[in-house]
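The file coords.tsv comes next; it holds TSV, C-alpha atoms.
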```tsv
chain	number	residue	atom	x	y	z
G	1	MET	CA	0.00	0.00	0.00
G	2	THR	CA	1.45	3.33	-1.05
G	3	SER	CA	0.89	6.61	0.78
G	4	PRO	CA	-0.23	9.68	-1.24
G	5	SER	CA	2.91	11.13	-2.71
G	6	VAL	CA	3.94	14.75	-2.67
G	7	PRO	CA	4.56	16.01	-6.20
G	8	THR	CA	8.28	16.26	-6.78
G	9	SER	CA	10.47	17.46	-9.57
G	10	SER	CA	12.74	15.16	-11.50
G	11	ARG	CA	15.50	16.01	-9.03
G	12	GLY	CA	13.34	15.01	-6.07
G	13	ALA	CA	12.59	18.48	-4.64
G	14	PRO	CA	8.89	19.18	-3.89
G	15	THR	CA	7.22	21.49	-6.40
G	16	TYR	CA	4.56	24.05	-5.62
G	17	ASN	CA	1.30	23.09	-7.24
G	18	PHE	CA	0.46	26.53	-8.72
G	19	THR	CA	-2.92	26.44	-10.40
G	20	TYR	CA	-5.03	29.04	-12.10
G	21	ARG	CA	-7.46	28.87	-9.17
G	22	THR	CA	-4.68	29.69	-6.72
G	23	ALA	CA	-3.70	32.73	-8.73
G	24	LEU	CA	-7.29	33.85	-9.01
G	25	VAL	CA	-7.68	33.93	-5.24
G	26	TRP	CA	-4.31	34.86	-3.86
G	27	ILE	CA	-3.14	37.58	-6.20
G	28	PRO	CA	-6.15	39.90	-5.53
G	29	VAL	CA	-6.11	39.10	-1.81
G	30	THR	CA	-2.43	39.86	-1.51
G	31	THR	CA	-2.81	43.06	-3.52
G	32	VAL	CA	-5.66	44.29	-1.34
G	33	VAL	CA	-3.76	43.47	1.85
G	34	ILE	CA	-0.67	45.32	0.63
G	35	VAL	CA	-2.66	48.38	-0.50
G	36	VAL	CA	-4.61	48.57	2.76
G	37	ALA	CA	-1.46	48.16	4.81
G	38	TRP	CA	0.30	50.92	2.92
G	39	TRP	CA	-2.74	53.15	3.16
G	40	LEU	CA	-2.90	52.65	6.92
G	41	VAL	CA	0.78	53.49	7.24
G	42	PHE	CA	0.44	56.69	5.21
G	43	ALA	CA	-2.81	57.70	6.88
G	44	SER	CA	-1.34	57.21	10.34
G	45	TYR	CA	1.67	59.25	9.31
G	46	PHE	CA	-0.46	62.17	8.08
G	47	TYR	CA	-2.76	61.93	11.09
G	48	LEU	CA	0.15	62.14	13.50
G	49	ARG	CA	1.92	64.75	11.42
G	50	GLN	CA	-0.97	67.19	11.06
G	51	ARG	CA	-3.12	66.68	14.14
G	52	LYS	CA	-5.78	68.70	12.35
G	53	HIS	CA	-8.06	66.09	10.91
G	54	THR	CA	-10.29	63.69	12.70
G	55	LEU	CA	-9.26	60.08	12.29
G	56	ARG	CA	-12.29	59.48	10.06
G	57	VAL	CA	-11.28	62.23	7.63
G	58	THR	CA	-7.71	60.98	7.67
G	59	LEU	CA	-8.67	57.41	6.85
G	60	PHE	CA	-11.42	58.01	4.34
G	61	GLY	CA	-10.76	61.55	3.10
G	62	ILE	CA	-8.47	62.66	0.34
G	63	PRO	CA	-4.95	62.97	1.74
G	64	CYS	CA	-3.41	66.45	2.04
G	65	PHE	CA	0.35	66.22	1.76
G	66	VAL	CA	2.30	68.35	4.18
G	67	THR	CA	5.44	70.24	3.31
G	68	ILE	CA	8.32	70.76	5.71
G	69	ASP	CA	7.05	74.15	6.89
G	70	GLY	CA	3.61	72.80	7.70
G	71	ARG	CA	1.70	74.02	4.65
G	72	ARG	CA	-0.37	71.50	2.82
G	73	VAL	CA	0.46	70.98	-0.82
G	74	LEU	CA	-3.18	70.88	-1.86
G	75	ASP	CA	-4.03	74.08	0.01
G	76	GLY	CA	-3.70	76.25	-3.05
G	77	VAL	CA	-5.74	73.89	-5.19
G	78	ARG	CA	-9.43	74.61	-5.52
G	79	THR	CA	-11.89	71.76	-5.80
G	80	ILE	CA	-14.51	71.55	-8.51
G	81	ASP	CA	-16.86	73.54	-6.24
G	82	GLY	CA	-14.34	76.36	-6.04
G	83	PHE	CA	-13.22	75.89	-2.42
G	84	THR	CA	-9.80	75.10	-1.02
G	85	TRP	CA	-9.36	72.11	1.24
G	86	SER	CA	-8.86	74.39	4.23
G	87	GLU	CA	-12.17	76.12	3.58
G	88	ILE	CA	-13.96	72.78	3.32
G	89	GLU	CA	-12.36	71.54	6.52
G	90	ASN	CA	-13.17	74.71	8.39
G	91	ALA	CA	-16.76	74.62	7.20
G	92	THR	CA	-17.10	70.99	8.27
G	93	ARG	CA	-15.60	71.76	11.64
G	94	ALA	CA	-17.88	74.76	12.15
G	95	LYS	CA	-20.93	72.68	11.20
G	96	ARG	CA	-19.94	69.98	13.68
G	97	GLU	CA	-19.37	72.57	16.38
G	98	THR	CA	-22.76	74.17	15.72
G	99	ALA	CA	-24.46	70.78	15.87
G	100	ARG	CA	-22.74	70.10	19.19
G	101	ARG	CA	-23.74	73.42	20.71
G	102	CYS	CA	-27.28	73.68	19.35
G	103	PRO	CA	-29.76	71.81	21.59
G	104	CYS	CA	-32.38	71.66	18.84
G	105	PRO	CA	-32.30	68.24	17.13
G	106	ALA	CA	-32.89	67.78	13.43
G	107	PRO	CA	-36.48	67.12	12.33
G	108	PRO	CA	-37.46	63.45	12.27
G	109	CYS	CA	-37.35	61.04	9.33
G	110	GLY	CA	-34.70	62.91	7.34
G	111	THR	CA	-33.00	59.68	6.30
G	112	LEU	CA	-36.19	57.96	5.17
G	113	ASP	CA	-37.14	61.14	3.32
G	114	GLY	CA	-33.81	60.96	1.50
G	115	VAL	CA	-34.41	57.29	0.68
G	116	ALA	CA	-37.84	58.10	-0.75
G	117	ARG	CA	-36.45	61.00	-2.75
G	118	PHE	CA	-33.76	58.74	-4.17
G	119	PHE	CA	-35.99	55.84	-5.19
G	120	TRP	CA	-39.18	57.56	-6.31
G	121	SER	CA	-39.87	60.13	-9.00
G	122	ASP	CA	-40.08	63.78	-8.13
G	123	LYS	CA	-43.83	63.80	-8.77
G	124	THR	CA	-44.50	60.86	-6.43
G	125	TYR	CA	-42.16	62.26	-3.84
G	126	ARG	CA	-43.93	65.62	-3.87
G	127	SER	CA	-47.42	64.17	-3.74
G	128	VAL	CA	-46.89	61.31	-1.26
G	129	PHE	CA	-43.73	61.39	0.78
G	130	ARG	CA	-43.08	65.07	1.32
G	131	PRO	CA	-46.56	65.84	2.73
G	132	ALA	CA	-46.33	62.74	4.91
G	133	ARG	CA	-43.06	63.92	6.34
G	134	ALA	CA	-44.39	67.47	6.66
G	135	ASP	CA	-47.17	66.14	8.88
G	136	ILE	CA	-44.69	64.19	10.98
G	137	VAL	CA	-42.51	67.28	11.41
G	138	TYR	CA	-45.60	69.36	12.21
G	139	ASP	CA	-46.77	66.90	14.89
G	140	TRP	CA	-43.28	66.66	16.30
G	141	SER	CA	-42.79	70.43	16.49
G	142	ILE	CA	-46.20	70.83	18.17
G	143	ALA	CA	-45.20	68.22	20.74
G	144	ARG	CA	-41.92	70.01	21.36
G	145	MET	CA	-43.61	73.39	21.69
G	146	GLU	CA	-46.02	71.94	24.24
G	147	GLY	CA	-43.07	70.49	26.16
G	148	ALA	CA	-44.29	66.92	25.63
G	149	ARG	CA	-40.85	65.34	25.40
G	150	TRP	CA	-41.96	61.75	25.37
G	151	ARG	CA	-44.59	62.37	22.71
G	152	ALA	CA	-41.93	64.09	20.59
G	153	ARG	CA	-39.63	61.12	21.08
G	154	TRP	CA	-42.44	58.71	20.24
G	155	ILE	CA	-43.11	60.61	17.01
G	156	ARG	CA	-39.41	60.74	16.14
G	157	LEU	CA	-38.57	57.14	16.90
G	158	VAL	CA	-41.75	55.18	16.22
G	159	ARG	CA	-44.65	56.92	14.59
G	160	GLY	CA	-42.63	58.88	12.03
G	161	PRO	CA	-40.62	55.93	10.71
G	162	VAL	CA	-43.71	53.69	10.75
G	163	THR	CA	-45.65	56.28	8.72
G	164	MET	CA	-42.86	56.71	6.18
G	165	LEU	CA	-42.25	52.97	5.82
G	166	SER	CA	-45.98	52.28	5.49
G	167	ASN	CA	-46.23	54.91	2.79
G	168	MET	CA	-43.29	53.35	0.98
G	169	SER	CA	-44.71	49.83	1.17
G	170	LEU	CA	-48.14	51.00	0.00
G	171	GLN	CA	-46.73	53.10	-2.82
G	172	LEU	CA	-44.36	50.41	-4.07
G	173	PRO	CA	-46.94	48.24	-5.91
G	174	PHE	CA	-48.33	51.27	-7.77
G	175	SER	CA	-44.85	52.42	-8.75
G	176	VAL	CA	-43.73	48.96	-9.86
G	177	GLY	CA	-47.03	48.49	-11.72
G	178	GLY	CA	-46.59	51.82	-13.49
G	179	ALA	CA	-43.04	50.97	-14.49
G	180	LEU	CA	-44.10	47.56	-15.82
G	181	ARG	CA	-46.91	49.17	-17.81
G	182	ILE	CA	-44.42	51.58	-19.43
G	183	VAL	CA	-42.09	48.69	-20.32
G	184	ALA	CA	-44.98	46.66	-21.75
G	185	THR	CA	-46.10	49.64	-23.84
G	186	LEU	CA	-42.58	50.15	-25.16
G	187	ILE	CA	-42.21	46.48	-26.06
G	188	SER	CA	-45.57	46.41	-27.83
G	189	LYS	CA	-44.68	49.57	-29.78
G	190	LEU	CA	-41.29	48.16	-30.75
G	191	ARG	CA	-42.93	44.97	-31.99
G	192	ALA	CA	-45.54	46.84	-34.00
Q	1	MET	CA	-69.89	57.06	-21.48
Q	2	THR	CA	-69.99	53.28	-21.13
Q	3	PRO	CA	-70.46	51.58	-17.74
Q	4	ASP	CA	-66.79	50.59	-17.87
Q	5	GLU	CA	-65.75	54.22	-18.08
Q	6	PHE	CA	-67.83	55.25	-15.08
Q	7	PRO	CA	-65.36	56.24	-12.35
Q	8	ARG	CA	-65.21	53.77	-9.48
Q	9	LEU	CA	-64.76	55.03	-5.96
Q	10	SER	CA	-63.68	53.05	-2.94
Q	11	ASN	CA	-65.22	53.81	0.45
Q	12	ASN	CA	-62.11	55.76	1.44
Q	13	GLU	CA	-62.15	57.82	-1.75
Q	14	TYR	CA	-65.84	58.61	-1.27
Q	15	ASN	CA	-65.11	59.68	2.29
Q	16	VAL	CA	-62.31	61.99	1.13
Q	17	LEU	CA	-64.45	63.54	-1.61
Q	18	ASN	CA	-67.28	64.14	0.87
Q	19	GLN	CA	-64.94	65.92	3.26
Q	20	LEU	CA	-63.29	68.00	0.56
Q	21	ALA	CA	-66.67	69.12	-0.76
Q	22	VAL	CA	-66.93	71.33	2.33
Q	23	ARG	CA	-63.52	72.99	2.25
Q	24	GLU	CA	-59.81	72.52	1.54
Q	25	LYS	CA	-58.13	70.23	4.05
Q	26	TYR	CA	-54.74	68.87	5.06
Q	27	GLY	CA	-54.10	65.13	5.10
Q	28	LEU	CA	-54.23	64.93	8.88
Q	29	GLU	CA	-57.52	66.85	8.96
Q	30	LEU	CA	-58.96	64.30	6.55
Q	31	VAL	CA	-57.83	61.49	8.84
Q	32	ALA	CA	-59.30	63.23	11.87
Q	33	GLY	CA	-62.60	63.88	10.09
Q	34	SER	CA	-63.01	60.35	8.75
Q	35	GLU	CA	-64.12	58.87	12.10
Q	36	GLY	CA	-61.48	56.17	11.94
Q	37	GLN	CA	-62.05	55.15	8.35
Q	38	LEU	CA	-58.79	56.61	7.02
Q	39	SER	CA	-55.38	55.71	8.38
Q	40	ARG	CA	-52.71	58.34	8.68
Q	41	ASN	CA	-50.19	55.85	7.32
Q	42	ALA	CA	-52.07	55.43	4.07
Q	43	VAL	CA	-53.83	58.71	3.47
Q	44	TYR	CA	-51.16	60.26	1.24
Q	45	VAL	CA	-50.91	57.21	-0.99
Q	46	LEU	CA	-54.69	57.40	-1.38
Q	47	LEU	CA	-54.56	61.13	-2.09
Q	48	GLY	CA	-51.75	60.60	-4.59
Q	49	ARG	CA	-53.87	58.03	-6.45
Q	50	MET	CA	-56.84	60.39	-6.40
Q	51	GLU	CA	-54.66	63.17	-7.79
Q	52	ASP	CA	-53.61	60.84	-10.61
Q	53	LYS	CA	-57.28	60.15	-11.34
Q	54	GLY	CA	-58.00	63.89	-11.37
Q	55	LEU	CA	-60.45	63.77	-8.48
Q	56	VAL	CA	-58.55	66.04	-6.13
Q	57	GLU	CA	-55.90	68.68	-6.49
Q	58	GLY	CA	-53.12	69.44	-4.02
Q	59	ARG	CA	-51.08	72.54	-3.43
Q	60	GLU	CA	-48.30	73.28	-1.03
Q	61	ALA	CA	-49.52	75.61	1.67
Q	62	PRO	CA	-47.20	78.42	2.75
Q	63	ALA	CA	-45.75	77.77	6.18
Q	64	PRO	CA	-47.11	79.97	8.98
Q	65	ALA	CA	-44.81	82.67	10.32
Q	66	GLY	CA	-42.13	81.34	12.62
Q	67	GLN	CA	-42.60	77.74	11.52
Q	68	SER	CA	-40.02	75.89	9.48
Q	69	GLY	CA	-39.94	72.43	7.94
Q	70	PRO	CA	-41.24	70.96	4.71
Q	71	PRO	CA	-44.42	72.58	3.34
Q	72	ARG	CA	-47.71	70.90	4.21
Q	73	ARG	CA	-50.08	70.03	1.41
Q	74	LEU	CA	-53.67	71.25	1.12
Q	75	TYR	CA	-56.17	69.30	-0.96
Q	76	LYS	CA	-59.30	70.47	-2.71
Q	77	LEU	CA	-61.90	68.95	-4.97
Q	78	THR	CA	-61.49	69.33	-8.74
Q	79	GLY	CA	-64.41	69.90	-11.09
Q	80	HIS	CA	-64.25	66.26	-12.17
Q	81	GLY	CA	-64.18	65.16	-8.52
Q	82	ALA	CA	-67.23	67.29	-7.75
Q	83	ARG	CA	-69.14	65.79	-10.69
Q	84	VAL	CA	-68.21	62.24	-9.64
Q	85	LEU	CA	-69.32	62.96	-6.09
Q	86	HIS	CA	-72.59	64.42	-7.36
Q	87	ALA	CA	-73.14	61.38	-9.60
Q	88	TYR	CA	-72.60	59.02	-6.70
Q	89	GLY	CA	-74.94	61.08	-4.52
Q	90	VAL	CA	-77.65	60.90	-7.19
Q	91	ALA	CA	-77.09	57.17	-7.63
Q	92	PHE	CA	-77.32	56.52	-3.89
Q	93	ALA	CA	-80.46	58.64	-3.61
Q	94	ALA	CA	-82.07	56.78	-6.52
Q	95	LEU	CA	-81.23	53.40	-5.02
Q	96	GLU	CA	-82.48	54.40	-1.58
Q	97	GLY	CA	-85.72	55.75	-3.05
Q	98	ALA	CA	-86.31	52.65	-5.16
```
As structure tokens, what does this structure read like?
Amino acid sequence: MTSPSVPTSSRGAPTYNFTYRTALVWIPVTTVVIVVAWWLVFASYFYLRQRKHTLRVTLFGIPCFVTIDGRRVLDGVRTIDGFTWSEIENATRAKRETARRCPCPAPPCGTLDGVARFFWSDKTYRSVFRPARADIVYDWSIARMEGARWRARWIRLVRGPVTMLSNMSLQLPFSVGGALRIVATLISKLRA
Amino acid sequence: MTPDEFPRLSNNEYNVLNQLAVREKYGLELVAGSEGQLSRNAVYVLLGRMEDKGLVEGREAPAPAGQSGPPRRLYKLTGHGARVLHAYGVAFAALEGA
């Protein structure tokens, strides 16, 4: 009985069984690991060097290279919006500071409103989702004005999201149906 | 007009048309005036469908002074909506009298 043999070359040394599958997996994995490692090294360097960014901006923002005298190379460069990086950073910092100081929270359901605006047409958004959110914000601001904190929280955390999600789920069949009707009309006209 | 072309109204749509025949209303006012028939989670989808059918017409109301946020929407009956409501009223009256 023979044991499974290790592949060897003609000279007896073991050979590495390099297959296409191995290359397909390991080359991208190795590349990603190397790129991420280098990125972390550079990002840590700039973070420690500048001490101006938050860690989040350092890791996921566009890097600003620092010269010896502390100026950033990209400082003179304006973005497509016409601002320098310093102006953008200062604006972001000021916004964060204002949000920290201001006790007034943002109106409820902003995220779901954005989701609806993204997925539905402007007409549907204006006729269904925006008035629904306007009512939620109205109820919420009334509750806040009356000092009913728990009612305001209830509206923000439960009733508002439930209303928006219900509207989305009820609107979805009509929207999908409308889209399918348009596609069917197009196909029938192309065939004719 | 053939019977197929006669506009069909659900109970909720009839309720909305009846309320809007009196005056312009917001969505929440319609819910409050429906005696539990309309749900606040579904009223705007219903109103959107009715706008598509041409039964009601919505406009964004200007926000009161000192109040911010997205504009609320006021709904009113269109001419077509008023005629449909009248036709249904006549039909109901005829059936009740028969």
Item to check | Proximal residues of chain Q relative to chain G (only C-alpha atoms; 7 Å) as an NGL selection string | outcome: :Q and (41-42 or 44-45 or 48 or 69-73)
Item to check | Spatial neighbours of range 88-90 of chain Q, max dist 12 Å, all atoms listed in the file, sep filter under 5 positions, as a list in words | outcome: Phe6, Pro7, Arg8, Leu9, Ser10, Asn11, Glu13, Tyr14, Asn15, Leu17, Asn18, Gly81, Ala82, Arg83, Leu95, Glu96 and Gly97 of chain Q
Item to check | Neighbour list for range 24-26 of chain Q as a PyMOL selection string, cut-off 6 Å, only C-alpha atoms, skip fewer than 6 positions in-chain | outcome: chain Q and resi 74-76
Next on the checklist: Between CA of Gly114 in chain G and CA of Ser39 in chain Q, what distance in Å does the model show, to one decimal?
Outcome noted: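 It comes out at 23.2 Å.
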Checklist entry - If you measure from CA of Arg144 in chain G to CA of Pro108 in chain G, what distance in Å do you get, rounded to one decimal? => result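 Calculated distance between CA of Arg144 in chain G and CA of Pro108 in chain G is 12.1 Å.
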How would range 144-173 of chain G read, as a PDB file, keeping the file's coordinate frame, once N, CA and C atoms are built in?
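Written output follows (selection-v1.pdb):
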```pdb
ATOM      1  N   ARG G 144     -43.060  69.333  20.726  1.00  0.00           N
ATOM      2  CA  ARG G 144     -41.920  70.010  21.360  1.00  0.00           C
ATOM      3  C   ARG G 144     -42.329  71.351  21.945  1.00  0.00           C
ATOM      4  N   MET G 145     -43.181  72.067  21.189  1.00  0.00           N
ATOM      5  CA  MET G 145     -43.610  73.390  21.690  1.00  0.00           C
ATOM      6  C   MET G 145     -44.435  73.243  22.975  1.00  0.00           C
ATOM      7  N   GLU G 146     -45.207  72.169  23.041  1.00  0.00           N
ATOM      8  CA  GLU G 146     -46.020  71.940  24.240  1.00  0.00           C
ATOM      9  C   GLU G 146     -45.197  71.349  25.384  1.00  0.00           C
ATOM     10  N   GLY G 147     -43.943  71.039  25.112  1.00  0.00           N
ATOM     11  CA  GLY G 147     -43.070  70.490  26.160  1.00  0.00           C
ATOM     12  C   GLY G 147     -43.309  69.008  26.391  1.00  0.00           C
ATOM     13  N   ALA G 148     -44.028  68.348  25.471  1.00  0.00           N
ATOM     14  CA  ALA G 148     -44.290  66.920  25.630  1.00  0.00           C
ATOM     15  C   ALA G 148     -43.111  66.147  25.058  1.00  0.00           C
ATOM     16  N   ARG G 149     -42.094  65.959  25.888  1.00  0.00           N
ATOM     17  CA  ARG G 149     -40.850  65.340  25.400  1.00  0.00           C
ATOM     18  C   ARG G 149     -41.060  63.918  24.917  1.00  0.00           C
ATOM     19  N   TRP G 150     -41.821  63.161  25.711  1.00  0.00           N
ATOM     20  CA  TRP G 150     -41.960  61.750  25.370  1.00  0.00           C
ATOM     21  C   TRP G 150     -42.798  61.561  24.118  1.00  0.00           C
ATOM     22  N   ARG G 151     -43.797  62.460  23.939  1.00  0.00           N
ATOM     23  CA  ARG G 151     -44.590  62.370  22.710  1.00  0.00           C
ATOM     24  C   ARG G 151     -43.695  62.708  21.498  1.00  0.00           C
ATOM     25  N   ALA G 152     -42.841  63.726  21.687  1.00  0.00           N
ATOM     26  CA  ALA G 152     -41.930  64.090  20.590  1.00  0.00           C
ATOM     27  C   ALA G 152     -40.994  62.928  20.266  1.00  0.00           C
ATOM     28  N   ARG G 153     -40.507  62.270  21.322  1.00  0.00           N
ATOM     29  CA  ARG G 153     -39.630  61.120  21.080  1.00  0.00           C
ATOM     30  C   ARG G 153     -40.377  59.987  20.401  1.00  0.00           C
ATOM     31  N   TRP G 154     -41.608  59.760  20.837  1.00  0.00           N
ATOM     32  CA  TRP G 154     -42.440  58.710  20.240  1.00  0.00           C
ATOM     33  C   TRP G 154     -42.638  58.983  18.747  1.00  0.00           C
ATOM     34  N   ILE G 155     -42.909  60.250  18.420  1.00  0.00           N
ATOM     35  CA  ILE G 155     -43.110  60.610  17.010  1.00  0.00           C
ATOM     36  C   ILE G 155     -41.812  60.399  16.239  1.00  0.00           C
ATOM     37  N   ARG G 156     -40.695  60.831  16.831  1.00  0.00           N
ATOM     38  CA  ARG G 156     -39.410  60.740  16.140  1.00  0.00           C
ATOM     39  C   ARG G 156     -38.976  59.293  15.921  1.00  0.00           C
ATOM     40  N   LEU G 157     -39.159  58.479  16.954  1.00  0.00           N
ATOM     41  CA  LEU G 157     -38.570  57.140  16.900  1.00  0.00           C
ATOM     42  C   LEU G 157     -39.511  56.064  16.381  1.00  0.00           C
ATOM     43  N   VAL G 158     -40.817  56.251  16.584  1.00  0.00           N
ATOM     44  CA  VAL G 158     -41.750  55.180  16.220  1.00  0.00           C
ATOM     45  C   VAL G 158     -42.745  55.620  15.149  1.00  0.00           C
ATOM     46  N   ARG G 159     -43.544  56.616  15.484  1.00  0.00           N
ATOM     47  CA  ARG G 159     -44.650  56.920  14.590  1.00  0.00           C
ATOM     48  C   ARG G 159     -44.182  57.464  13.241  1.00  0.00           C
ATOM     49  N   GLY G 160     -43.147  58.315  13.276  1.00  0.00           N
ATOM     50  CA  GLY G 160     -42.630  58.880  12.030  1.00  0.00           C
ATOM     51  C   GLY G 160     -42.093  57.808  11.096  1.00  0.00           C
ATOM     52  N   PRO G 161     -41.126  56.987  11.575  1.00  0.00           N
ATOM     53  CA  PRO G 161     -40.620  55.930  10.710  1.00  0.00           C
ATOM     54  C   PRO G 161     -41.697  54.960  10.247  1.00  0.00           C
ATOM     55  N   VAL G 162     -42.643  54.622  11.153  1.00  0.00           N
ATOM     56  CA  VAL G 162     -43.710  53.690  10.750  1.00  0.00           C
ATOM     57  C   VAL G 162     -44.538  54.310   9.632  1.00  0.00           C
ATOM     58  N   THR G 163     -44.860  55.609   9.764  1.00  0.00           N
ATOM     59  CA  THR G 163     -45.650  56.280   8.720  1.00  0.00           C
ATOM     60  C   THR G 163     -44.901  56.280   7.391  1.00  0.00           C
ATOM     61  N   MET G 164     -43.632  56.646   7.435  1.00  0.00           N
ATOM     62  CA  MET G 164     -42.860  56.710   6.180  1.00  0.00           C
ATOM     63  C   MET G 164     -42.725  55.327   5.538  1.00  0.00           C
ATOM     64  N   LEU G 165     -42.430  54.311   6.373  1.00  0.00           N
ATOM     65  CA  LEU G 165     -42.250  52.970   5.820  1.00  0.00           C
ATOM     66  C   LEU G 165     -43.575  52.409   5.287  1.00  0.00           C
ATOM     67  N   SER G 166     -44.679  52.736   5.984  1.00  0.00           N
ATOM     68  CA  SER G 166     -45.980  52.280   5.490  1.00  0.00           C
ATOM     69  C   SER G 166     -46.282  52.929   4.141  1.00  0.00           C
ATOM     70  N   ASN G 167     -46.007  54.224   4.060  1.00  0.00           N
ATOM     71  CA  ASN G 167     -46.230  54.910   2.790  1.00  0.00           C
ATOM     72  C   ASN G 167     -45.406  54.279   1.669  1.00  0.00           C
ATOM     73  N   MET G 168     -44.153  53.960   1.997  1.00  0.00           N
ATOM     74  CA  MET G 168     -43.290  53.350   0.980  1.00  0.00           C
ATOM     75  C   MET G 168     -43.845  52.004   0.546  1.00  0.00           C
ATOM     76  N   SER G 169     -44.242  51.177   1.531  1.00  0.00           N
ATOM     77  CA  SER G 169     -44.710  49.830   1.170  1.00  0.00           C
ATOM     78  C   SER G 169     -46.028  49.896   0.414  1.00  0.00           C
ATOM     79  N   LEU G 170     -46.864  50.894   0.723  1.00  0.00           N
ATOM     80  CA  LEU G 170     -48.140  51.000   0.000  1.00  0.00           C
ATOM     81  C   LEU G 170     -47.951  51.587  -1.390  1.00  0.00           C
ATOM     82  N   GLN G 171     -46.958  52.461  -1.530  1.00  0.00           N
ATOM     83  CA  GLN G 171     -46.730  53.100  -2.820  1.00  0.00           C
ATOM     84  C   GLN G 171     -46.007  52.176  -3.790  1.00  0.00           C
ATOM     85  N   LEU G 172     -45.225  51.257  -3.234  1.00  0.00           N
ATOM     86  CA  LEU G 172     -44.360  50.410  -4.070  1.00  0.00           C
ATOM     87  C   LEU G 172     -45.124  49.638  -5.164  1.00  0.00           C
ATOM     88  N   PRO G 173     -46.243  48.969  -4.835  1.00  0.00           N
ATOM     89  CA  PRO G 173     -46.940  48.240  -5.910  1.00  0.00           C
ATOM     90  C   PRO G 173     -47.404  49.151  -7.039  1.00  0.00           C
TER      91      PRO G 173
END
```
